[in-house]
Every structure is written in C-alpha cells, then in structure tokens.
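Enquirer: Handing over entry_3.json, JSON, C-alpha atoms.
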[["chain", "number", "residue", "atom", "x", "y", "z"],
["U", 1, "MET", "CA", 46.75, -47.28, -1.13],
["U", 2, "ARG", "CA", 47.99, -43.84, -0.09],
["U", 3, "VAL", "CA", 46.09, -40.72, -1.10],
["U", 4, "LYS", "CA", 48.40, -37.72, -0.99],
["U", 5, "TRP", "CA", 45.76, -35.07, -0.32],
["U", 6, "ILE", "CA", 44.40, -37.09, 2.61],
["U", 7, "ASP", "CA", 47.89, -37.41, 4.11],
["U", 8, "GLY", "CA", 48.35, -33.67, 3.61],
["U", 9, "ALA", "CA", 45.00, -32.87, 5.23],
["U", 10, "LYS", "CA", 45.88, -35.05, 8.22],
["U", 11, "GLY", "CA", 49.17, -33.19, 8.58],
["U", 12, "ILE", "CA", 47.39, -29.83, 8.51],
["U", 13, "ALA", "CA", 44.87, -31.07, 11.09],
["U", 14, "MET", "CA", 47.67, -32.20, 13.41],
["U", 15, "LEU", "CA", 49.46, -28.86, 13.10],
["U", 16, "MET", "CA", 46.22, -27.00, 13.84],
["U", 17, "VAL", "CA", 45.66, -28.99, 17.04],
["U", 18, "ILE", "CA", 49.29, -28.49, 18.13],
["U", 19, "VAL", "CA", 49.07, -24.74, 17.48],
["U", 20, "VAL", "CA", 45.90, -24.25, 19.52],
["U", 21, "HIS", "CA", 47.31, -26.12, 22.52],
["U", 22, "LEU", "CA", 50.64, -24.32, 22.38],
["U", 23, "SER", "CA", 48.87, -20.96, 22.21],
["U", 24, "GLN", "CA", 47.04, -21.78, 25.43],
["U", 25, "SER", "CA", 50.31, -22.17, 27.33],
["U", 26, "LEU", "CA", 52.45, -19.42, 25.78],
["U", 27, "PRO", "CA", 52.32, -15.69, 26.63],
["U", 28, "LEU", "CA", 51.14, -14.56, 23.19],
["U", 29, "PRO", "CA", 49.48, -11.24, 22.22],
["U", 30, "MET", "CA", 45.68, -11.43, 22.22],
["U", 31, "LEU", "CA", 45.38, -11.13, 18.42],
["U", 32, "ILE", "CA", 47.83, -14.01, 17.85],
["U", 33, "ARG", "CA", 46.04, -16.07, 20.50],
["U", 34, "GLN", "CA", 42.70, -15.52, 18.76],
["U", 35, "ILE", "CA", 44.15, -16.55, 15.41],
["U", 36, "CYS", "CA", 45.72, -19.66, 16.94],
["U", 37, "SER", "CA", 42.41, -20.57, 18.58],
["U", 38, "MET", "CA", 41.06, -21.43, 15.14],
["U", 39, "GLY", "CA", 43.39, -24.42, 15.26],
["U", 40, "ALA", "CA", 40.70, -26.13, 17.35],
["U", 41, "MET", "CA", 38.95, -26.80, 14.04],
["U", 42, "GLY", "CA", 41.71, -29.30, 13.31],
["U", 43, "VAL", "CA", 39.64, -31.87, 15.20],
["U", 44, "GLN", "CA", 36.71, -31.28, 12.85],
["U", 45, "LEU", "CA", 39.07, -31.65, 9.90],
["U", 46, "PHE", "CA", 40.03, -35.07, 11.32],
["U", 47, "PHE", "CA", 36.32, -35.95, 11.53],
["U", 48, "LEU", "CA", 35.78, -34.90, 7.92],
["U", 49, "ILE", "CA", 38.73, -37.00, 6.75],
["U", 50, "SER", "CA", 37.57, -39.98, 8.85],
["U", 51, "ALA", "CA", 34.13, -39.94, 7.23],
["U", 52, "TYR", "CA", 35.67, -39.73, 3.76],
["U", 53, "CYS", "CA", 38.04, -42.62, 4.53],
["U", 54, "CYS", "CA", 35.17, -44.73, 5.90],
["U", 55, "CYS", "CA", 33.34, -44.30, 2.61],
["U", 56, "MET", "CA", 36.49, -45.09, 0.64],
["U", 57, "SER", "CA", 37.30, -48.27, 2.58],
["U", 58, "TRP", "CA", 33.68, -49.43, 2.68],
["U", 59, "ARG", "CA", 33.67, -49.87, -1.09],
["U", 60, "SER", "CA", 36.61, -52.29, -0.93],
["U", 61, "VAL", "CA", 35.91, -54.05, 2.40],
["U", 62, "GLY", "CA", 32.17, -53.81, 3.03],
["U", 63, "PHE", "CA", 30.38, -55.40, 5.97],
["U", 64, "ASP", "CA", 30.57, -58.76, 7.70],
["U", 65, "ARG", "CA", 29.47, -60.05, 11.09],
["U", 66, "TRP", "CA", 32.86, -59.20, 12.61],
["U", 67, "TYR", "CA", 32.71, -55.57, 11.49],
["U", 68, "TRP", "CA", 32.04, -54.06, 14.94],
["U", 69, "TRP", "CA", 34.53, -56.26, 16.76],
["U", 70, "ARG", "CA", 37.20, -55.53, 14.14],
["U", 71, "LYS", "CA", 36.68, -51.79, 14.47],
["U", 72, "TYR", "CA", 36.58, -51.90, 18.28],
["U", 73, "ARG", "CA", 39.73, -54.01, 18.39],
["U", 74, "ARG", "CA", 41.48, -51.44, 16.23],
["U", 75, "LEU", "CA", 40.39, -48.41, 18.26],
["U", 76, "ALA", "CA", 40.13, -49.64, 21.83],
["U", 77, "PRO", "CA", 43.56, -51.03, 22.84],
["U", 78, "TRP", "CA", 45.40, -47.73, 22.37],
["U", 79, "TYR", "CA", 42.62, -45.83, 24.10],
["U", 80, "ILE", "CA", 42.42, -48.23, 27.03],
["U", 81, "GLY", "CA", 46.19, -47.93, 27.31],
["U", 82, "GLY", "CA", 45.72, -44.18, 27.54],
["U", 83, "ILE", "CA", 43.21, -44.62, 30.36],
["U", 84, "ALA", "CA", 45.78, -46.62, 32.33],
["U", 85, "LEU", "CA", 48.72, -44.31, 31.54],
["U", 86, "TYR", "CA", 46.84, -41.18, 32.58],
["U", 87, "ALA", "CA", 45.80, -42.88, 35.84],
["U", 88, "ILE", "CA", 49.46, -43.60, 36.56],
["U", 89, "TYR", "CA", 50.39, -40.03, 35.66],
["U", 90, "TRP", "CA", 47.72, -38.45, 37.89],
["U", 91, "TRP", "CA", 48.80, -40.74, 40.73],
["U", 92, "TRP", "CA", 52.48, -39.90, 40.13],
["U", 93, "ILE", "CA", 51.94, -36.12, 40.35],
["U", 94, "GLY", "CA", 49.45, -36.51, 43.18],
["U", 95, "ASP", "CA", 46.41, -35.02, 41.42],
["U", 96, "ALA", "CA", 43.58, -36.32, 43.61],
["U", 97, "VAL", "CA", 40.93, -34.42, 41.63],
["U", 98, "LYS", "CA", 41.84, -36.16, 38.36],
["U", 99, "LEU", "CA", 42.02, -39.54, 40.09],
["U", 100, "GLY", "CA", 38.58, -38.85, 41.58],
["U", 101, "ASN", "CA", 37.16, -38.90, 38.05],
["U", 102, "TYR", "CA", 38.12, -42.57, 37.77],
["U", 103, "THR", "CA", 34.77, -43.87, 38.97],
["U", 104, "PHE", "CA", 33.55, -47.26, 37.75],
["U", 105, "PHE", "CA", 30.87, -45.66, 35.58],
["U", 106, "ASN", "CA", 33.25, -43.15, 33.98],
["U", 107, "VAL", "CA", 35.90, -45.76, 33.24],
["U", 108, "VAL", "CA", 33.39, -48.23, 31.74],
["U", 109, "SER", "CA", 31.92, -45.44, 29.60],
["U", 110, "ASN", "CA", 35.39, -44.76, 28.22],
["U", 111, "VAL", "CA", 36.21, -48.43, 27.67],
["U", 112, "LEU", "CA", 32.96, -48.80, 25.70],
["U", 113, "LEU", "CA", 33.78, -45.57, 23.81],
["U", 114, "VAL", "CA", 30.42, -43.97, 24.67],
["U", 115, "ASN", "CA", 31.94, -41.34, 26.96],
["U", 116, "GLY", "CA", 30.93, -38.63, 24.50],
["U", 117, "PHE", "CA", 27.35, -39.02, 25.73],
["U", 118, "VAL", "CA", 28.30, -38.91, 29.43],
["U", 119, "PRO", "CA", 29.15, -35.43, 30.78],
["U", 120, "SER", "CA", 31.15, -36.75, 33.75],
["U", 121, "ALA", "CA", 33.15, -39.14, 31.54],
["U", 122, "GLN", "CA", 33.35, -37.17, 28.31],
["U", 123, "ASN", "CA", 36.78, -35.64, 28.77],
["U", 124, "SER", "CA", 37.73, -36.32, 32.37],
["U", 125, "ILE", "CA", 39.52, -39.67, 32.04],
["U", 126, "VAL", "CA", 41.58, -39.12, 28.89],
["U", 127, "PRO", "CA", 42.11, -35.48, 27.85],
["U", 128, "GLY", "CA", 40.62, -35.11, 24.39],
["U", 129, "GLY", "CA", 38.77, -38.40, 24.79],
["U", 130, "TRP", "CA", 35.57, -36.86, 23.45],
["U", 131, "SER", "CA", 37.04, -36.83, 19.93],
["U", 132, "ILE", "CA", 37.86, -40.56, 20.08],
["U", 133, "SER", "CA", 34.29, -41.28, 21.18],
["U", 134, "CYS", "CA", 32.88, -39.25, 18.27],
["U", 135, "ILE", "CA", 34.99, -41.07, 15.70],
["U", 136, "ALA", "CA", 34.28, -44.50, 17.23],
["U", 137, "LEU", "CA", 30.52, -43.99, 17.33],
["U", 138, "PHE", "CA", 30.47, -42.77, 13.73],
["U", 139, "VAL", "CA", 32.51, -45.78, 12.59],
["U", 140, "PHE", "CA", 30.24, -48.18, 14.50],
["U", 141, "ALA", "CA", 27.15, -46.58, 12.94],
["U", 142, "PHE", "CA", 28.62, -46.57, 9.45],
["U", 143, "PRO", "CA", 26.81, -49.69, 8.16],
["U", 144, "LEU", "CA", 23.52, -47.80, 8.59],
["U", 145, "ILE", "CA", 25.03, -44.66, 7.11],
["U", 146, "ALA", "CA", 26.22, -46.69, 4.11],
["U", 147, "LEU", "CA", 22.65, -47.82, 3.51],
["U", 148, "LEU", "CA", 21.47, -44.20, 3.44],
["U", 149, "THR", "CA", 24.23, -43.30, 1.00],
["U", 150, "ARG", "CA", 23.58, -46.29, -1.23],
["U", 151, "SER", "CA", 19.89, -45.43, -1.49],
["U", 152, "ARG", "CA", 20.72, -41.81, -2.37],
["U", 153, "GLN", "CA", 19.13, -40.60, 0.86],
["U", 154, "ILE", "CA", 22.21, -38.73, 2.00],
["U", 155, "VAL", "CA", 19.94, -35.77, 2.73],
["U", 156, "VAL", "CA", 18.63, -37.81, 5.69],
["U", 157, "LEU", "CA", 22.11, -38.00, 7.17],
["U", 158, "VAL", "CA", 22.68, -34.27, 6.74],
["U", 159, "THR", "CA", 19.24, -33.55, 8.26],
["U", 160, "LEU", "CA", 20.12, -35.70, 11.29],
["U", 161, "GLY", "CA", 23.37, -33.76, 11.62],
["U", 162, "VAL", "CA", 21.54, -30.42, 11.58],
["U", 163, "MET", "CA", 19.04, -31.75, 14.14],
["U", 164, "GLY", "CA", 21.95, -32.79, 16.35],
["U", 165, "VAL", "CA", 23.31, -29.24, 16.28],
["U", 166, "ILE", "CA", 19.88, -27.81, 17.11],
["U", 167, "LEU", "CA", 19.38, -30.27, 19.98],
["U", 168, "SER", "CA", 22.80, -29.43, 21.40],
["U", 169, "ALA", "CA", 22.06, -25.70, 21.20],
["U", 170, "LEU", "CA", 18.73, -26.23, 22.98],
["U", 171, "GLY", "CA", 20.49, -28.35, 25.59],
["U", 172, "TYR", "CA", 22.97, -25.55, 26.24],
["U", 173, "TYR", "CA", 20.53, -22.63, 26.27],
["U", 174, "CYS", "CA", 17.45, -24.31, 27.73],
["U", 175, "LEU", "CA", 18.39, -27.57, 29.50],
["U", 176, "GLY", "CA", 21.47, -26.49, 31.42],
["U", 177, "TRP", "CA", 24.06, -28.53, 29.52],
["U", 178, "ASN", "CA", 27.55, -27.24, 30.18],
["U", 179, "ARG", "CA", 29.35, -25.66, 27.24],
["U", 180, "LEU", "CA", 31.91, -28.44, 26.81],
["U", 181, "PHE", "CA", 29.29, -31.19, 26.72],
["U", 182, "ALA", "CA", 27.00, -29.24, 24.39],
["U", 183, "TYR", "CA", 29.82, -28.66, 21.91],
["U", 184, "CYS", "CA", 31.71, -31.97, 22.13],
["U", 185, "ASN", "CA", 28.87, -34.49, 22.29],
["U", 186, "PRO", "CA", 28.57, -36.78, 19.24],
["U", 187, "LEU", "CA", 25.17, -35.39, 18.20],
["U", 188, "ASN", "CA", 26.65, -31.93, 17.75],
["U", 189, "GLN", "CA", 29.58, -33.31, 15.75],
["U", 190, "LEU", "CA", 27.52, -35.57, 13.47],
["U", 191, "ILE", "CA", 27.09, -32.77, 10.94],
["U", 192, "VAL", "CA", 30.87, -32.73, 10.34],
["U", 193, "PHE", "CA", 30.91, -36.45, 9.58],
["U", 194, "ALA", "CA", 27.85, -35.99, 7.36],
["U", 195, "LEU", "CA", 29.73, -33.37, 5.35],
["U", 196, "GLY", "CA", 32.60, -35.85, 4.98],
["U", 197, "VAL", "CA", 30.17, -38.35, 3.47],
["U", 198, "VAL", "CA", 28.81, -35.62, 1.17],
["U", 199, "LEU", "CA", 32.38, -34.89, 0.07],
["U", 200, "TRP", "CA", 32.89, -38.54, -0.82],
["U", 201, "TYR", "CA", 29.53, -38.68, -2.60],
["U", 202, "LEU", "CA", 30.37, -35.63, -4.73],
["U", 203, "HIS", "CA", 33.83, -36.99, -5.53],
["U", 204, "ASP", "CA", 32.35, -40.37, -6.48],
["U", 205, "ALA", "CA", 29.68, -38.74, -8.67],
["U", 206, "MET", "CA", 32.35, -36.89, -10.64],
["U", 207, "GLN", "CA", 34.33, -40.04, -11.42]]
Could you take the file, read its structure, and then write that structure out as structure tokens?

Expert:
Amino acid sequence: MRVKWIDGAKGIAMLMVIVVHLSQSLPLPMLIRQICSMGAMGVQLFFLISAYCCCMSWRSVGFDRWYWWRKYRRLAPWYIGGIALYAIYWWWIGDAVKLGNYTFFNVVSNVLLVNGFVPSAQNSIVPGGWSISCIALFVFAFPLIALLTRSRQIVVLVTLGVMGVILSALGYYCLGWNRLFAYCNPLNQLIVFALGVVLWYLHDAMQ
C-alpha cells in the first residue's frame, strides 16, 4: 500500500539533505548558506516518517520470533556493502586517516548497527552512518515501544525521549562529549521517533 503524503514527505526529506550538503561545497552568500543549513532537519523528518511507518506496518505484521533477524537482514546488507565500498574508496584515493578508522572495534560496531553509541565509530566508517544506527536501534526496540503504545502509556516514550535530550546536553556541557556525538547519538534522537509515534497515535485516534 502506498501512502501519497508519506512518499511526498520522503521526497522533501531527501531534497533537504541534498540542499544542505550542496550548500557546504558551493560558494554561496552567508544568508543563503544559513537558510540551506536548515536542510539538515531532513534527517529528522526521515526519523519521524520511519516511526510512523513502523506503527503502520506493526498493525498488519506484528511480532514473531524472527522479527529482529528479519529487520537486520533488511537493513544490514546495504550498510555492510557501504562499509566495504568506502574502504575501497579511501584506499583508492590514498586517505590513510580514513583507513585508520577501520579498526576491528569500529567495524564491528558498524556491522552490529550500534555505532551511534560509539564516538570513534559513529560516523567515521560510513559518512552519515549515525542516522542508519538511529533508525536500526529504534526498529529493533519497536516491540517494546508497541507495548507502551498499546497500553496507552505513550507519555512514557515521550518522557524517555526528553530525558535522552537532557542527558545528551549534560554530556556535551559537563562530561566532555564532542558536539557531533552529543547531537547524533540515538538517545538524543529518540524524541524525534517518539513524536512520530505520537503522530501515528493521533491519526489512529481520529479514525
């Protein structure tokens, strides 16, 4: 089943991400660059849509003992392929610094899709890999999230999301977390997924 507004929202999110990356490499006036920088929120729009789609598909598919393997098998092959392709690319252009990030621990963290929690592995193996980790971890945790939603305790999920933001802020200002890790770690992004679940809940309540 295709939902037109979801397809449209995905298209907008993709354009936003493209715009922000193009603006970083083009000699644009400062005002235009600042406007284009808002395109970074396209990633959060993807997160919102992903949470909504998880809720939508959960109703028709539900949970079985192969749930986690099925989700990993869907997400991991493309990502692992990206790990290999970027290694070849860094080797081809002779970027020793990028290749130096390919430690055993960093690679395993990416293969297991937990790199979002590992500062050295978060974004150093696959550029933008932090976003894949966030989506994967949310999808893997969704059976528990579905229980909260079913029992009308969605406020718990939102509260956890807010706590994740607070913890990330404390980590940045008090614990010495670098800015990228504080912003991109899955705890800080949980609130966006929680709002996606709220969106689904409100839509479902109005049906």

Enquirer: Excluding stretch 59-61 of chain U and its own-chain neighbours fewer than 6 positions away, which residues fall within 12 Å of it when counting all atoms listed in the file? Please give them as a PyMOL selection string.

Expert: chain U and resi 1+52-53+67+70+143+146+149-150+200+204

Enquirer: Please list as a ChimeraX atom specification every residue within 8 Å of U:Leu15, counting only C-alpha atoms and excluding residues in the same chain fewer than 4 positions away.

Expert: /U:11,19,39,42

Enquirer: For stretch 177-187 of chain U, work out the shell of residues within 6 Å, counting all atoms listed in the file and skipping chain neighbours fewer than 6 positions away, then give it as an MDAnalysis selection string.

Expert: chainID U and resid 116:117 119 134 164 168 171

Enquirer: Just the residues within 12 Å of U:Ile12, please, counting all atoms listed in the file, with nothing from its chain fewer than 2 positions along; format it as an MDAnalysis selection string.

Expert: chainID U and resid 5:10 14:19 39:46 49

Enquirer: List the neighbours of stretch 95-107 of chain U out to 7 Å using all atoms listed in the file; skip same-chain residues closer than 3 positions along the sequence, and give me the result as a PyMOL selection string.

Expert: chain U and resi 87+90-91+110-111+120-121+124-125

Enquirer: Build an axis-aligned box that encloses every atom of stretch 130-148 of chain U listed in the file, pad it by 3 Å on each side, and report its centre and edge lengths in Å to one decimal, as lines of an AutoDock Vina configuration file.

Expert:
center_x = 29.7
center_y = -43.3
center_z = 13.4
size_x = 22.4
size_y = 18.9
size_z = 26.0

Enquirer: Separation of atom CA of U:Ser109 and atom CA of U:Val192, in Å?

Expert: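 Straight-line distance from atom CA of U:Ser109 to atom CA of U:Val192 works out to 23.1 Å.
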
Enquirer: Return the single residue from U:His21, U:Arg2, U:Lys71, U:His203 that is closest to U:Ala141, with distances computed using all atoms listed in the file.

Expert: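 That would be U:Lys71, the residue with the smallest distance to U:Ala141.
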
Enquirer: Counting all atoms listed in the file, which of U:Leu157, U:Val108, U:Val114, U:Ala13 gets nearest to U:Val197?

Expert: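 When distances to U:Val197 are compared using all atoms listed in the file, the smallest one comes from U:Leu157.
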
Enquirer: Would you mind completing stretch 164-175 of chain U to all heavy atoms and writing the output as a compact mmCIF listing (two decimals), keeping the file's coordinate frame?

Expert:
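Full text of part_14.txt as output:
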# COMPACT_ATOMS: atom_id res chain seq x y z
N GLY U 164 21.04 -32.61 15.23
CA GLY U 164 21.95 -32.79 16.35
C GLY U 164 22.50 -31.47 16.85
O GLY U 164 22.62 -31.25 18.06
N VAL U 165 22.82 -30.57 15.91
CA VAL U 165 23.31 -29.24 16.28
C VAL U 165 22.22 -28.46 17.02
O VAL U 165 22.47 -27.82 18.05
CB VAL U 165 23.78 -28.47 15.03
CG1 VAL U 165 24.12 -27.02 15.39
CG2 VAL U 165 24.98 -29.16 14.40
N ILE U 166 20.99 -28.53 16.49
CA ILE U 166 19.88 -27.81 17.11
C ILE U 166 19.61 -28.34 18.51
O ILE U 166 19.41 -27.57 19.46
CB ILE U 166 18.60 -27.93 16.24
CG1 ILE U 166 18.81 -27.19 14.91
CG2 ILE U 166 17.38 -27.39 16.97
CD1 ILE U 166 17.70 -27.40 13.90
N LEU U 167 19.62 -29.67 18.66
CA LEU U 167 19.38 -30.27 19.98
C LEU U 167 20.46 -29.85 20.96
O LEU U 167 20.17 -29.55 22.14
CB LEU U 167 19.35 -31.80 19.86
CG LEU U 167 19.17 -32.57 21.17
CD1 LEU U 167 17.86 -32.19 21.85
CD2 LEU U 167 19.23 -34.07 20.92
N SER U 168 21.71 -29.83 20.52
CA SER U 168 22.80 -29.43 21.40
C SER U 168 22.68 -27.97 21.81
O SER U 168 22.96 -27.61 22.97
CB SER U 168 24.15 -29.68 20.71
OG SER U 168 24.34 -31.06 20.44
N ALA U 169 22.26 -27.12 20.88
CA ALA U 169 22.06 -25.70 21.20
C ALA U 169 20.93 -25.54 22.22
O ALA U 169 21.05 -24.76 23.17
CB ALA U 169 21.75 -24.91 19.93
N LEU U 170 19.84 -26.28 22.03
CA LEU U 170 18.73 -26.23 22.98
C LEU U 170 19.18 -26.75 24.34
O LEU U 170 18.78 -26.21 25.39
CB LEU U 170 17.56 -27.06 22.46
CG LEU U 170 16.81 -26.49 21.25
CD1 LEU U 170 15.75 -27.48 20.76
CD2 LEU U 170 16.14 -25.16 21.61
N GLY U 171 19.99 -27.81 24.33
CA GLY U 171 20.49 -28.35 25.59
C GLY U 171 21.32 -27.33 26.35
O GLY U 171 21.21 -27.22 27.58
N TYR U 172 22.12 -26.56 25.60
CA TYR U 172 22.97 -25.55 26.24
C TYR U 172 22.17 -24.35 26.75
O TYR U 172 22.33 -23.91 27.89
CB TYR U 172 24.03 -25.08 25.24
CG TYR U 172 24.91 -23.98 25.76
CD1 TYR U 172 25.79 -24.21 26.82
CD2 TYR U 172 24.87 -22.71 25.19
CE1 TYR U 172 26.61 -23.19 27.30
CE2 TYR U 172 25.69 -21.69 25.66
CZ TYR U 172 26.55 -21.94 26.72
OH TYR U 172 27.35 -20.93 27.19
N TYR U 173 21.26 -23.85 25.91
CA TYR U 173 20.53 -22.63 26.27
C TYR U 173 19.30 -22.88 27.13
O TYR U 173 18.89 -21.98 27.87
CB TYR U 173 20.11 -21.89 24.99
CG TYR U 173 21.27 -21.24 24.27
CD1 TYR U 173 21.75 -21.76 23.08
CD2 TYR U 173 21.89 -20.11 24.80
CE1 TYR U 173 22.82 -21.15 22.41
CE2 TYR U 173 22.96 -19.50 24.14
CZ TYR U 173 23.41 -20.03 22.95
OH TYR U 173 24.47 -19.44 22.31
N CYS U 174 18.72 -24.07 27.04
CA CYS U 174 17.45 -24.31 27.73
C CYS U 174 17.50 -25.43 28.78
O CYS U 174 16.70 -25.40 29.73
CB CYS U 174 16.36 -24.66 26.71
SG CYS U 174 16.13 -23.43 25.43
N LEU U 175 18.40 -26.40 28.62
CA LEU U 175 18.39 -27.57 29.50
C LEU U 175 19.55 -27.59 30.49
O LEU U 175 19.68 -28.54 31.26
CB LEU U 175 18.40 -28.85 28.66
CG LEU U 175 17.23 -29.01 27.68
CD1 LEU U 175 17.39 -30.31 26.89
CD2 LEU U 175 15.90 -28.99 28.41
